[in-house]
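Visitor: Supplied structure: model_3.cif, mmCIF, C-alpha atoms.
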data_start
#
loop_
_atom_site.label_atom_id
_atom_site.label_comp_id
_atom_site.auth_asym_id
_atom_site.auth_seq_id
_atom_site.Cartn_x
_atom_site.Cartn_y
_atom_site.Cartn_z
CA MET A 183 6.02 -20.50 7.93
CA SER A 184 3.47 -21.14 10.70
CA ILE A 185 0.48 -19.00 11.58
CA LEU A 186 2.14 -17.87 14.81
CA GLN A 187 5.43 -17.02 13.07
CA ASN A 188 3.66 -14.94 10.41
CA SER A 189 1.65 -13.04 13.01
CA VAL A 190 4.64 -12.42 15.26
CA ILE A 191 6.77 -11.17 12.35
CA VAL A 192 4.01 -8.83 11.19
CA PHE A 193 3.33 -7.52 14.70
CA HIS A 194 6.99 -6.85 15.50
CA GLN A 195 7.64 -5.29 12.09
CA ILE A 196 4.65 -2.97 12.49
CA LEU A 197 5.80 -2.12 16.03
CA VAL A 198 9.25 -1.17 14.69
CA MET A 199 7.58 0.90 11.99
CA PHE A 200 5.47 2.71 14.58
CA LEU A 201 8.60 3.49 16.61
CA LEU A 202 10.15 5.00 13.49
CA MET A 203 6.94 6.95 12.94
CA LEU A 204 7.24 8.25 16.51
CA VAL A 205 10.68 9.61 15.62
CA GLY A 206 9.18 11.38 12.59
CA TYR A 207 6.38 12.71 14.80
CA LEU A 208 8.86 14.15 17.32
CA LEU A 209 11.15 15.56 14.64
CA PHE A 210 8.21 17.44 13.13
CA ARG A 211 7.08 18.71 16.52
CA ARG A 212 10.63 19.92 17.21
CA LYS A 213 10.60 21.63 13.79
CA ILE A 214 13.58 19.61 12.56
CA LEU A 215 11.26 18.35 9.82
CA ASP A 216 8.76 20.65 8.09
CA ASN A 217 6.21 20.36 5.29
CA HIS A 218 8.73 21.26 2.61
CA THR A 219 11.20 18.61 3.80
CA THR A 220 8.61 15.84 4.09
CA SER A 221 7.19 16.77 0.69
CA ARG A 222 10.62 16.37 -0.89
CA ILE A 223 11.21 13.08 0.93
CA SER A 224 7.82 11.80 -0.28
CA THR A 225 8.78 12.70 -3.84
CA LEU A 226 12.12 10.93 -3.40
CA LEU A 227 10.37 7.81 -2.07
CA ASN A 228 7.72 7.63 -4.78
CA ALA A 229 9.92 8.58 -7.70
CA PHE A 230 13.15 6.79 -6.79
CA ILE A 231 13.44 4.72 -3.59
CA MET A 232 10.35 2.50 -4.00
CA PRO A 233 11.13 1.85 -7.67
CA CYS A 234 14.61 0.78 -6.52
CA CYS A 235 12.94 -1.73 -4.17
CA VAL A 236 10.95 -3.19 -7.04
CA LEU A 237 13.87 -3.25 -9.47
CA SER A 238 16.16 -4.86 -6.88
CA SER A 239 13.64 -7.67 -6.29
CA PHE A 240 13.67 -8.49 -10.03
CA ASN A 241 17.46 -8.79 -10.11
CA ARG A 242 17.47 -12.60 -10.00
CA VAL A 243 17.97 -15.61 -12.21
CA PHE A 244 14.90 -16.33 -14.34
CA ASP A 245 12.57 -18.91 -12.82
CA PRO A 246 9.60 -20.01 -14.99
CA VAL A 247 7.60 -21.10 -11.92
CA LEU A 248 8.10 -17.73 -10.24
CA ALA A 249 7.28 -15.96 -13.50
CA SER A 250 3.95 -17.79 -13.83
CA THR A 251 3.20 -17.07 -10.16
CA LEU A 252 3.83 -13.36 -10.76
CA ALA A 253 1.52 -13.37 -13.79
CA LEU A 254 -1.29 -15.04 -11.84
CA THR A 255 -0.66 -12.69 -8.90
CA LEU A 256 -1.08 -9.74 -11.26
CA LEU A 257 -4.41 -11.10 -12.50
CA CYS A 258 -5.54 -11.59 -8.89
CA ALA A 259 -4.46 -8.04 -8.01
CA ILE A 260 -6.63 -6.73 -10.86
CA LEU A 261 -9.54 -8.79 -9.51
CA VAL A 262 -8.98 -7.39 -6.00
CA PHE A 263 -9.16 -3.81 -7.28
CA ILE A 264 -12.29 -4.56 -9.31
CA LEU A 265 -13.84 -5.91 -6.11
CA SER A 266 -12.66 -2.89 -4.09
CA THR A 267 -14.04 -0.32 -6.51
CA ALA A 268 -17.35 -2.21 -6.68
CA LEU A 269 -17.65 -2.22 -2.88
CA ALA A 270 -16.71 1.46 -2.71
CA GLY A 271 -19.39 2.30 -5.28
CA ALA A 272 -22.02 0.30 -3.41
CA LEU A 273 -21.19 1.72 0.03
CA TYR A 274 -20.64 5.33 -1.06
CA ARG A 275 -23.18 6.27 -3.71
CA LYS A 276 -23.22 9.61 -5.45
CA GLY A 277 -24.10 12.31 -2.93
CA HIS A 278 -24.27 9.94 0.05
CA PRO A 279 -22.34 11.30 1.89
CA ASP A 280 -21.38 14.62 0.31
CA ASN A 281 -17.70 13.64 0.28
CA TYR A 282 -18.43 10.23 -1.26
CA ARG A 283 -15.55 10.65 -3.72
CA ASP A 284 -13.03 11.01 -0.88
CA CYS A 285 -14.57 8.05 0.94
CA ARG A 286 -14.10 5.90 -2.16
CA MET A 287 -10.45 6.98 -2.44
CA CYS A 288 -9.80 6.11 1.20
CA VAL A 289 -11.26 2.60 1.01
CA VAL A 290 -9.97 1.57 -2.43
CA PHE A 291 -6.33 2.63 -2.13
CA SER A 292 -3.97 1.14 0.45
CA ASN A 293 -0.55 2.26 1.61
CA ASN A 294 1.08 -0.64 -0.25
CA GLY A 295 4.37 1.19 -0.77
CA PHE A 296 5.13 2.73 2.62
CA MET A 297 3.52 0.00 4.77
CA ALA A 298 3.19 -3.19 2.69
CA LEU A 299 6.65 -3.33 1.10
CA PRO A 300 8.55 -3.31 4.42
CA LEU A 301 6.23 -6.03 5.77
CA LEU A 302 6.65 -8.18 2.67
CA SER A 303 10.41 -7.78 2.85
CA ALA A 304 10.41 -8.90 6.51
CA MET A 305 8.08 -11.86 5.88
CA PHE A 306 9.34 -13.21 2.55
CA GLY A 307 12.50 -11.30 1.64
CA GLU A 308 12.98 -10.15 -1.96
CA THR A 309 10.46 -12.74 -3.19
CA GLY A 310 7.76 -10.92 -1.23
CA VAL A 311 8.71 -7.58 -2.81
CA PHE A 312 8.92 -9.29 -6.22
CA LEU A 313 5.36 -10.64 -5.97
CA GLY A 314 4.17 -7.49 -4.20
CA SER A 315 5.07 -5.47 -7.29
CA ALA A 316 1.91 -6.92 -8.92
CA HIS A 317 -0.29 -5.04 -6.41
CA ILE A 318 1.82 -1.87 -6.70
CA VAL A 319 1.65 -1.79 -10.51
CA THR A 320 -2.10 -2.48 -10.54
CA MET A 321 -2.73 0.23 -7.96
CA ALA A 322 -0.67 2.74 -9.97
CA VAL A 323 -2.91 2.17 -13.00
CA VAL A 324 -6.14 2.33 -10.96
CA LEU A 325 -4.95 5.42 -9.04
CA TRP A 326 -4.23 7.43 -12.18
CA THR A 327 -7.50 6.42 -13.84
CA TYR A 328 -10.32 5.62 -11.42
CA GLY A 329 -8.70 7.53 -8.53
CA LEU A 330 -7.99 10.70 -10.47
CA ALA A 331 -11.49 10.61 -11.98
CA GLN A 332 -12.93 10.65 -8.44
CA VAL A 333 -11.27 13.90 -7.36
CA ASP A 334 -10.62 15.74 -10.62
CA ARG A 335 -13.82 17.08 -12.19
CA ASN A 336 -11.87 17.82 -15.40
CA PHE A 337 -10.33 14.36 -15.64
CA ARG A 338 -8.98 13.22 -18.99
CA PHE A 339 -7.50 9.79 -19.56
CA SER A 340 -3.74 9.92 -20.21
CA THR A 341 -1.85 6.80 -21.29
CA GLN A 342 1.43 8.68 -20.97
CA ARG A 343 0.75 9.58 -17.34
CA ILE A 344 0.13 5.92 -16.53
CA LEU A 345 3.05 4.44 -18.45
CA LEU A 346 5.54 6.96 -17.05
CA ASN A 347 4.53 6.25 -13.44
CA PRO A 348 7.79 5.35 -11.60
CA GLY A 349 6.35 2.11 -10.22
CA ILE A 350 5.32 0.88 -13.67
CA VAL A 351 8.63 1.96 -15.22
CA ALA A 352 10.57 0.10 -12.50
CA ALA A 353 8.43 -3.04 -12.86
CA SER A 354 8.78 -2.97 -16.65
CA LEU A 355 12.57 -2.65 -16.43
CA GLY A 356 12.54 -5.36 -13.77
CA VAL A 357 10.64 -7.79 -16.01
CA VAL A 358 13.15 -7.18 -18.82
CA LEU A 359 16.01 -7.83 -16.37
CA PHE A 360 14.27 -10.91 -14.94
CA VAL A 361 13.67 -12.64 -18.30
CA SER A 362 17.12 -11.76 -19.66
CA PRO A 363 20.09 -14.12 -19.13
CA PHE A 364 21.90 -11.41 -17.16
CA THR A 365 21.87 -9.98 -13.66
CA LEU A 366 23.25 -6.63 -12.56
CA PRO A 367 26.97 -6.44 -11.64
CA ALA A 368 27.62 -7.08 -7.94
CA ASP A 369 28.55 -3.46 -7.13
CA VAL A 370 25.49 -2.06 -8.92
CA SER A 371 23.27 -4.62 -7.21
CA LEU A 372 24.68 -3.72 -3.77
CA ALA A 373 24.18 0.01 -4.41
CA LEU A 374 20.59 -0.70 -5.47
CA THR A 375 20.02 -2.76 -2.31
CA HIS A 376 21.31 0.07 -0.10
CA LEU A 377 18.94 2.51 -1.80
CA ALA A 378 16.04 0.07 -1.40
CA ASN A 379 16.84 -0.26 2.30
CA LEU A 380 16.08 3.44 2.75
CA ASN A 381 12.39 2.82 2.01
CA THR A 382 11.24 1.79 5.48
CA PRO A 383 12.97 4.45 7.64
CA LEU A 384 12.25 7.34 5.28
CA ALA A 385 8.63 6.30 4.72
CA MET A 386 7.98 5.99 8.45
CA LEU A 387 9.56 9.37 9.20
CA VAL A 388 7.25 10.95 6.63
CA LEU A 389 4.21 9.15 8.04
CA GLY A 390 5.13 10.26 11.55
CA ALA A 391 5.52 13.88 10.43
CA TYR A 392 2.21 13.58 8.61
CA MET A 393 0.42 12.36 11.73
CA ALA A 394 1.97 15.16 13.80
CA GLN A 395 -0.23 17.55 11.82
CA VAL A 396 -3.47 15.72 12.64
CA ASP A 397 -5.69 16.16 15.69
CA LEU A 398 -5.84 12.49 16.68
CA LYS A 399 -8.70 13.13 19.11
CA SER A 400 -10.93 14.34 16.28
CA CYS A 401 -10.09 11.16 14.32
CA PHE A 402 -11.48 8.98 17.10
CA LEU A 403 -14.68 11.05 17.34
CA ASP A 404 -15.59 11.02 13.64
CA ARG A 405 -18.01 8.19 12.74
CA GLU A 406 -17.40 8.45 9.00
CA VAL A 407 -13.66 8.13 9.55
CA TRP A 408 -14.28 4.98 11.61
CA LYS A 409 -16.53 3.59 8.88
CA ALA A 410 -13.98 4.22 6.11
CA SER A 411 -11.21 2.73 8.25
CA ALA A 412 -13.31 -0.37 8.96
CA VAL A 413 -14.01 -0.89 5.25
CA ARG A 414 -10.32 -0.38 4.38
CA LEU A 415 -8.90 -2.57 7.17
CA LEU A 416 -11.58 -5.26 7.59
CA LEU A 417 -14.23 -5.51 4.86
CA ILE A 418 -11.98 -5.35 1.79
CA PRO A 419 -9.36 -7.73 3.29
CA ALA A 420 -12.15 -10.15 4.29
CA CYS A 421 -13.59 -10.17 0.77
CA THR A 422 -10.07 -10.54 -0.64
CA MET A 423 -9.49 -13.59 1.59
CA LEU A 424 -12.69 -15.25 0.36
CA VAL A 425 -11.65 -14.74 -3.26
CA LEU A 426 -8.05 -15.92 -2.76
CA LEU A 427 -9.07 -19.10 -0.94
CA PHE A 428 -10.64 -20.45 -4.13
CA ILE A 429 -7.83 -19.47 -6.49
CA PRO A 430 -4.99 -21.98 -7.13
CA LEU A 431 -2.25 -19.53 -6.18
CA ASP A 432 0.96 -20.04 -4.22
CA THR A 433 0.54 -19.41 -0.46
CA THR A 434 3.27 -16.76 -0.42
CA ALA A 435 1.56 -14.96 -3.31
CA LYS A 436 -1.81 -15.07 -1.52
CA LEU A 437 -0.36 -13.57 1.65
CA THR A 438 1.53 -10.99 -0.41
CA LEU A 439 -1.69 -9.82 -2.05
CA LEU A 440 -3.50 -9.82 1.27
CA VAL A 441 -0.88 -7.59 2.91
CA GLY A 442 -1.36 -5.06 0.11
CA ALA A 443 -5.14 -5.27 0.40
CA ALA A 444 -5.12 -5.02 4.22
CA ALA A 445 -2.70 -2.08 4.52
CA PRO A 446 -4.09 1.22 5.87
CA CYS A 447 -5.41 4.06 3.75
CA ALA A 448 -2.95 5.42 1.20
CA ILE A 449 -1.39 8.83 1.73
CA ALA A 450 -2.21 9.38 -1.95
CA ALA A 451 -5.88 9.75 -0.96
CA ALA A 452 -5.05 12.80 1.16
CA MET A 453 -2.52 14.15 -1.35
CA PHE A 454 -4.98 13.94 -4.26
CA ALA A 455 -7.73 15.53 -2.13
CA GLN A 456 -5.44 18.45 -1.22
CA ILE A 457 -4.27 18.99 -4.81
CA HIS A 458 -7.79 18.95 -6.28
CA GLY A 459 -9.55 20.87 -3.51
CA SER A 460 -11.56 17.95 -2.15
CA ASP A 461 -12.18 16.96 1.51
CA TYR A 462 -8.52 16.89 2.52
CA LEU A 463 -9.25 16.89 6.27
CA PHE A 464 -11.42 13.75 6.09
CA SER A 465 -8.81 11.86 4.04
CA THR A 466 -6.03 12.93 6.40
CA LYS A 467 -8.00 11.70 9.43
CA THR A 468 -8.69 8.35 7.74
CA VAL A 469 -5.00 7.90 6.91
CA ALA A 470 -4.09 8.61 10.53
CA LEU A 471 -6.75 6.41 12.19
CA SER A 472 -6.35 3.47 9.81
CA THR A 473 -2.57 3.57 10.24
CA LEU A 474 -2.93 3.40 14.03
CA LEU A 475 -5.52 0.61 13.88
CA SER A 476 -3.41 -1.44 11.47
CA LEU A 477 -1.11 -2.34 14.37
CA ILE A 478 -3.95 -4.65 15.47
CA THR A 479 -5.77 -5.49 12.24
CA LEU A 480 -2.84 -6.44 9.97
CA PRO A 481 -1.40 -9.21 12.20
CA ALA A 482 -4.95 -10.49 12.84
CA ILE A 483 -5.81 -10.60 9.12
CA ILE A 484 -2.57 -12.45 8.29
CA ALA A 485 -3.20 -14.94 11.11
CA VAL A 486 -6.75 -15.64 9.93
CA MET A 487 -5.65 -16.10 6.31
CA SER A 488 -2.78 -18.41 7.31
CA PHE A 489 -5.18 -20.49 9.38
CA LEU A 490 -7.71 -20.72 6.54
CA ILE A 491 -5.04 -21.73 4.02
CA GLU A 492 -3.77 -24.46 6.31
CA SER A 493 -7.34 -25.65 6.98
CA VAL A 494 -8.18 -25.83 3.27
CA THR A 495 -4.88 -27.67 2.60
CA LEU A 496 -5.71 -30.29 5.25
CA PHE A 497 -9.03 -31.06 3.55
#
Using the file provided, produce a representation of the structure as structure tokens.

Guide:
Amino acid sequence: MSILQNSVIVFHQILVMFLLMLVGYLLFRRKILDNHTTSRISTLLNAFIMPCCVLSSFNRVFDPVLASTLALTLLCAILVFILSTALAGALYRKGHPDNYRDCRMCVVFSNNGFMALPLLSAMFGETGVFLGSAHIVTMAVVLWTYGLAQVDRNFRFSTQRILLNPGIVAASLGVVLFVSPFTLPADVSLALTHLANLNTPLAMLVLGAYMAQVDLKSCFLDREVWKASAVRLLLIPACTMLVLLFIPLDTTAKLTLLVGAAAPCAIAAAMFAQIHGSDYLFSTKTVALSTLLSLITLPAIIAVMSFLIESVTLF
């Protein structure tokens, strides 16, 4: 797929997603959606719909080449998160600023479920979601260890909490299905596909309702929100590109990882801040601003990476 094709697909897909977000925004303003409803939809998405996406992508005949690509993609995803946490620690040191913990959460964690999965599906079909599961699983582990430690002063490591995360459970079941000589019956597979297809519209409605509760003007006037958004949307993707260029990984896998790394700030950053009494307002603003800016940054990042990959291949 050419640089232009990739960029056009990403731009149009994001535009469609923003139109769906606009619907969610209007539904919340008209009080058709409320906080209770969006909270339940978010739970449904995280606990059931997104795992269905991952499981559906693994419902395929075993391919040793694809299996090795997934394994290497997982290792690269771990490397990307190590890089991200290191950058977050260097840029936001203890006490500078006061909400340094929330800043770290906003720059390390991307919206790889709500934003990245629909993009990967549009760009690469089920193969994109299949490889994208590596970033989702890695983020789930980092979120419930490093992320929780940032906002919870009484943090205690829990293996059970990590292993029972819906994303990890779905990926584990998917791997078992992928390496087995069987695939799901046609009717079960179709039902799973229909459930997976709910991910994009429901996720965008929730995001739209979420943004309806934010004063967008205050987002654009807050320097720290701009800084966190720039790190999340530009610095971390740029560093990720430099690392991926020198790793012998399939082009599709590289772009898949980059989409996850270049997605806007994760809603989880705001959710965790609200639950644990941290700077919820700052995290909410960063989610909103980075989501809006991603309409420009995501297609640009994909275009640059595609160009660099082609340039390196030529030489």

Visitor: Which value, in Å to one decimal, gives the distance between atom CA of A:Gly206 and atom CA of A:Gly307?

Guide: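 Answer for the atom CA of A:Gly206 to atom CA of A:Gly307 separation: 25.4 Å.
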
Visitor: Give one line per residue of stretch 318-417 of chain A that approaches stretch 463-483 of chain A to at most 9 Å, naming the two atoms of the closest pair and their distance in Å to one decimal, counting only C-alpha atoms; sort by chain then ascending residue number and deliver it as CSV.

Guide:
residue,atom,partner,partner_atom,distance
A:Leu389,CA,A:Ala470,CA,8.7
A:Tyr392,CA,A:Ala470,CA,8.3
A:Met393,CA,A:Ala470,CA,6.0
A:Val396,CA,A:Lys467,CA,6.9
A:Asp397,CA,A:Lys467,CA,8.0
A:Leu398,CA,A:Ala470,CA,7.5
A:Ser400,CA,A:Lys467,CA,7.9
A:Cys401,CA,A:Lys467,CA,5.3
A:Phe402,CA,A:Leu471,CA,7.3
A:Asp404,CA,A:Lys467,CA,8.7
A:Glu406,CA,A:Phe464,CA,8.5
A:Val407,CA,A:Thr468,CA,5.3
A:Trp408,CA,A:Thr468,CA,7.6
A:Ala410,CA,A:Thr468,CA,6.9
A:Ser411,CA,A:Ser472,CA,5.2
A:Ala412,CA,A:Ser472,CA,8.0
A:Arg414,CA,A:Ser472,CA,7.8
A:Leu415,CA,A:Thr479,CA,6.6
A:Leu416,CA,A:Thr479,CA,7.4

Visitor: Could you list the residues chosen by the PyMOL selection byres ((chain A and resi 200) around 10) in this structure as a CSV table (one decimal) with C-alpha atoms, keeping the file's coordinate frame?

Guide:
chain,number,residue,atom,x,y,z
A,194,HIS,CA,7.0,-6.8,15.5
A,195,GLN,CA,7.6,-5.3,12.1
A,196,ILE,CA,4.6,-3.0,12.5
A,197,LEU,CA,5.8,-2.1,16.0
A,198,VAL,CA,9.2,-1.2,14.7
A,199,MET,CA,7.6,0.9,12.0
A,201,LEU,CA,8.6,3.5,16.6
A,202,LEU,CA,10.2,5.0,13.5
A,203,MET,CA,6.9,7.0,12.9
A,204,LEU,CA,7.2,8.2,16.5
A,205,VAL,CA,10.7,9.6,15.6
A,206,GLY,CA,9.2,11.4,12.6
A,386,MET,CA,8.0,6.0,8.4
A,387,LEU,CA,9.6,9.4,9.2
A,389,LEU,CA,4.2,9.2,8.0
A,390,GLY,CA,5.1,10.3,11.6
A,473,THR,CA,-2.6,3.6,10.2
A,474,LEU,CA,-2.9,3.4,14.0
A,477,LEU,CA,-1.1,-2.3,14.4

Visitor: Calculate how many Å separate atom CA of A:Pro367 from atom CA of A:Ser238, rounding to one decimal.

Guide: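 Result for atom CA of A:Pro367 versus atom CA of A:Ser238: 11.9 Å, one decimal.
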
Visitor: Pick out the closest residue to A:Ile350 from this set: A:Ile231, A:Val236, A:Val289, A:Ala368. Count only C-alpha atoms.

Guide: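 Checking each candidate against A:Ile350, we get A:Val236 as the closest.
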
Visitor: So, counting all atoms listed in the file, which residue among A:Pro363, A:Met297, A:Val311, A:Ser354 is closest to A:Ala444?

Guide: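 The closest residue to A:Ala444 is A:Met297.
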
Visitor: If we count all atoms listed in the file, what is near A:Ser315 at a cut-off of 10 Å, once residues fewer than 4 positions away on the same chain are taken out, given as a count of residues only?

Guide: 27

Visitor: Could you pull the residues within 10 Å of A:Val262, counting only C-alpha atoms, minus those fewer than 2 positions along the same chain, as an MDAnalysis selection string?

Guide: chainID A and resid 256:260 264:268 290 317 320 418:419 421:423 425:426 439:440 443

Visitor: Rank A:Val388, A:Cys234, A:Ala373, A:Leu248 by their smallest atom-to-atom distance to A:Tyr207, using all atoms listed in the file, and report the top residue only.

Guide: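 Closest candidate: A:Val388.
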
Visitor: Hey, which of A:Leu437, A:Ala322, A:Val351, A:Tyr462 ends up closest to A:Phe489? Count all atoms listed in the file.

Guide: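 Smallest distance to A:Phe489 is found for A:Leu437.
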
Visitor: Give me stretch 418-441 of chain A with N, CA and C atoms filled in, as a PDB file, in the coordinates of the input.

Guide:
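The resulting file, out.pdb, is reproduced below:
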ATOM      1  N   ILE A 418     -12.692  -5.034   3.035  1.00  0.00           N
ATOM      2  CA  ILE A 418     -11.980  -5.350   1.790  1.00  0.00           C
ATOM      3  C   ILE A 418     -10.999  -6.508   1.975  1.00  0.00           C
ATOM      4  N   PRO A 419     -10.212  -6.550   3.070  1.00  0.00           N
ATOM      5  CA  PRO A 419      -9.360  -7.730   3.290  1.00  0.00           C
ATOM      6  C   PRO A 419     -10.165  -9.021   3.433  1.00  0.00           C
ATOM      7  N   ALA A 420     -11.327  -8.949   4.107  1.00  0.00           N
ATOM      8  CA  ALA A 420     -12.150 -10.150   4.290  1.00  0.00           C
ATOM      9  C   ALA A 420     -12.660 -10.667   2.947  1.00  0.00           C
ATOM     10  N   CYS A 421     -13.124  -9.759   2.104  1.00  0.00           N
ATOM     11  CA  CYS A 421     -13.590 -10.170   0.770  1.00  0.00           C
ATOM     12  C   CYS A 421     -12.421 -10.698  -0.067  1.00  0.00           C
ATOM     13  N   THR A 422     -11.257 -10.088   0.083  1.00  0.00           N
ATOM     14  CA  THR A 422     -10.070 -10.540  -0.640  1.00  0.00           C
ATOM     15  C   THR A 422      -9.703 -11.962  -0.209  1.00  0.00           C
ATOM     16  N   MET A 423      -9.792 -12.242   1.087  1.00  0.00           N
ATOM     17  CA  MET A 423      -9.490 -13.590   1.590  1.00  0.00           C
ATOM     18  C   MET A 423     -10.425 -14.619   0.967  1.00  0.00           C
ATOM     19  N   LEU A 424     -11.711 -14.307   0.923  1.00  0.00           N
ATOM     20  CA  LEU A 424     -12.690 -15.250   0.360  1.00  0.00           C
ATOM     21  C   LEU A 424     -12.377 -15.562  -1.102  1.00  0.00           C
ATOM     22  N   VAL A 425     -11.979 -14.545  -1.855  1.00  0.00           N
ATOM     23  CA  VAL A 425     -11.650 -14.740  -3.260  1.00  0.00           C
ATOM     24  C   VAL A 425     -10.379 -15.586  -3.403  1.00  0.00           C
ATOM     25  N   LEU A 426      -9.345 -15.242  -2.633  1.00  0.00           N
ATOM     26  CA  LEU A 426      -8.050 -15.920  -2.760  1.00  0.00           C
ATOM     27  C   LEU A 426      -8.093 -17.385  -2.337  1.00  0.00           C
ATOM     28  N   LEU A 427      -8.987 -17.704  -1.411  1.00  0.00           N
ATOM     29  CA  LEU A 427      -9.070 -19.100  -0.940  1.00  0.00           C
ATOM     30  C   LEU A 427      -9.435 -20.060  -2.063  1.00  0.00           C
ATOM     31  N   PHE A 428     -10.163 -19.571  -3.066  1.00  0.00           N
ATOM     32  CA  PHE A 428     -10.640 -20.450  -4.130  1.00  0.00           C
ATOM     33  C   PHE A 428      -9.833 -20.319  -5.418  1.00  0.00           C
ATOM     34  N   ILE A 429      -8.705 -19.628  -5.323  1.00  0.00           N
ATOM     35  CA  ILE A 429      -7.830 -19.470  -6.490  1.00  0.00           C
ATOM     36  C   ILE A 429      -6.566 -20.305  -6.285  1.00  0.00           C
ATOM     37  N   PRO A 430      -6.177 -21.129  -7.272  1.00  0.00           N
ATOM     38  CA  PRO A 430      -4.990 -21.980  -7.130  1.00  0.00           C
ATOM     39  C   PRO A 430      -3.698 -21.175  -7.240  1.00  0.00           C
ATOM     40  N   LEU A 431      -3.417 -20.408  -6.197  1.00  0.00           N
ATOM     41  CA  LEU A 431      -2.250 -19.530  -6.180  1.00  0.00           C
ATOM     42  C   LEU A 431      -1.329 -19.925  -5.031  1.00  0.00           C
ATOM     43  N   ASP A 432      -0.045 -19.754  -5.236  1.00  0.00           N
ATOM     44  CA  ASP A 432       0.960 -20.040  -4.220  1.00  0.00           C
ATOM     45  C   ASP A 432       0.630 -19.313  -2.910  1.00  0.00           C
ATOM     46  N   THR A 433       0.874 -19.989  -1.775  1.00  0.00           N
ATOM     47  CA  THR A 433       0.540 -19.410  -0.460  1.00  0.00           C
ATOM     48  C   THR A 433       1.243 -18.082  -0.229  1.00  0.00           C
ATOM     49  N   THR A 434       2.529 -18.012  -0.583  1.00  0.00           N
ATOM     50  CA  THR A 434       3.270 -16.760  -0.420  1.00  0.00           C
ATOM     51  C   THR A 434       2.626 -15.642  -1.230  1.00  0.00           C
ATOM     52  N   ALA A 435       2.203 -15.954  -2.452  1.00  0.00           N
ATOM     53  CA  ALA A 435       1.560 -14.960  -3.310  1.00  0.00           C
ATOM     54  C   ALA A 435       0.231 -14.501  -2.708  1.00  0.00           C
ATOM     55  N   LYS A 436      -0.527 -15.431  -2.146  1.00  0.00           N
ATOM     56  CA  LYS A 436      -1.810 -15.070  -1.520  1.00  0.00           C
ATOM     57  C   LYS A 436      -1.603 -14.110  -0.352  1.00  0.00           C
ATOM     58  N   LEU A 437      -0.632 -14.428   0.495  1.00  0.00           N
ATOM     59  CA  LEU A 437      -0.360 -13.570   1.650  1.00  0.00           C
ATOM     60  C   LEU A 437       0.195 -12.215   1.207  1.00  0.00           C
ATOM     61  N   THR A 438       0.983 -12.239   0.138  1.00  0.00           N
ATOM     62  CA  THR A 438       1.530 -10.990  -0.410  1.00  0.00           C
ATOM     63  C   THR A 438       0.416 -10.060  -0.863  1.00  0.00           C
ATOM     64  N   LEU A 439      -0.542 -10.613  -1.599  1.00  0.00           N
ATOM     65  CA  LEU A 439      -1.690  -9.820  -2.050  1.00  0.00           C
ATOM     66  C   LEU A 439      -2.517  -9.320  -0.875  1.00  0.00           C
ATOM     67  N   LEU A 440      -2.680 -10.177   0.112  1.00  0.00           N
ATOM     68  CA  LEU A 440      -3.500  -9.820   1.270  1.00  0.00           C
ATOM     69  C   LEU A 440      -2.879  -8.668   2.056  1.00  0.00           C
ATOM     70  N   VAL A 441      -1.553  -8.689   2.201  1.00  0.00           N
ATOM     71  CA  VAL A 441      -0.880  -7.590   2.910  1.00  0.00           C
ATOM     72  C   VAL A 441      -1.145  -6.268   2.201  1.00  0.00           C
TER      73      VAL A 441
END
